[in-house]
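Encoded as structure tokens, the structure appears first; notes follow it.
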Amino acid sequence: MNAPVPGALTSSLLYLDGVSVSFDGFKAIRGLSLTIEPDEMRAIIGPNGAGKTTMMDIITGKTKPDVGTVMFGGTVDLTKLDEAAIANLGIGRKFQKPTVFDSHTIEDNILLALKSKRTVGKTLFWKTEEPQQKRIDDILGIIRLADRRDRLAGSLSHGQKQWLEIGMLLAQDPKLLLVDEPAAGMTDGETAQTAVLLKEIARDHSVIVVEHDMGFIRELGVKVTVLHEGSVLAEGPLDHVSANERVVEVYLGR
Ligand SMILES: Nc1ncnc2c1ncn2[C@@H]1O[C@H](COP(=O)(O)OP(=O)(O)OP(=O)(O)O)[C@@H](O)[C@H]1O
């Protein structure tokens, strides 16, 4: 376990303070500060190039900040860890494009994700079949695919594949889920269902959702952080940030 950084907020699950990163002299993230509480869902919005992806890359260890504090669980300095170690701590990421195994059944996709769970105690915990089956059933229930469990993942719609991938992420038992544009390419019905299932997941997980779909963000009903030019432009309930003139100017009024 890494030593705590003096002054870090220990009650937050994720704590970013004064984070900056440059690529060839261009500051993609500048003085970014953000805290996520346990079991909080946060929506991140902002124009193209605002730094949303780079922020997720910093949290997951893909990109190292030039300066700043990135703490997980109040005590772990994420800037000192590599991507695999950060994933093992319980930070899971879902990219925009679903990457499920099309030629396997839905249930087997979840099973594979459970088996690849990289924690030290997994063989002890999963030694009997029963808890594993219950875990699969629970996950299939959350992602609304229980009645399709024996079908091939390749037969699912784009939206259902996104749900399956969220289920595969849940199988890794993360404390924090980073979800990139889950509603992109979904039907209106699927988008509404996705908001419901993410809210269910956020009852006992922290979730960061990057999205452009404002209707979807409204359905999530959570605190919104607006990023612009690598730092926080506004933060608060959607109605609050939507009324901010700068937010309208750089993002909503486009
Ligand atoms: N590896 C890199 N090398 C050089 N520039 C980069 C790199 N990664 C990101 N950038 C630049 O940093 C800025 C922030 O990019 P980022 O992808 O984080 O924004 P974003 O908010 O995710 O945008 P989008 O909504 O388009 O996905 C952009 O100007 C981008 O061109």
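Within each chain, counting starts at residue 1; across the structure tokens, chains are named A, B, ... in the order shown, with ligands numbered 1 upward in that order.
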
- Using only C-alpha atoms and all ligand atoms, determine which residues fall within 6 Å of ligand 1, then list them as a list in words.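 Residues lying within 6 Å of ligand 1: Phe23, Ala28, Pro47, Asn48, Gly49, Ala50, Gly51, Lys52, Thr53 and Thr54 of chain A.
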
- Message: From the options A:Lys62, A:Lys161, A:Gln193, A:Leu252, which residue's atoms come nearest to His212 (chain A), counting only C-alpha atoms?
- Response: A:Leu252

Determine, for each residue of region 171-249 of chain A having at least one atom at most 12 Å from an atom of region 108-113 of chain A, the closest pair of atoms and their separation in Å to one decimal, counting only C-alpha atoms; order by chain and ascending number, as CSV.
residue,atom,partner,partner_atom,distance
A:Ala171,CA,A:Ala113,CA,5.8
A:Gln172,CA,A:Ala113,CA,6.6
A:Asp173,CA,A:Ala113,CA,10.0

- Task: Identify, on the basis of only C-alpha atoms, every residue whose closest approach to Val247 (chain A) does not exceed 10 Å; exclude the query and any residue fewer than 5 positions from it along the same chain; express the result as number ranges by chain.
- Result: A: 45-47, 226-228, 233-234, 241-242, 252-253

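Near Arg144 (chain A), within 9 Å and counting only C-alpha atoms, sit Gln160, Trp163, Leu164, Gln193 and Leu197 of chain A, not including residues fewer than 6 positions from it in the same chain.
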
- Item | Backbone-only DSSP, helix (DSSP H, G or I) members of region 77-217 of chain A, as a VMD selection string | chain A and resid 78 to 80 83 to 89 106 to 115 122 to 125 129 to 142 146 to 148 153 to 155 158 to 171 188 to 201 214 to 217
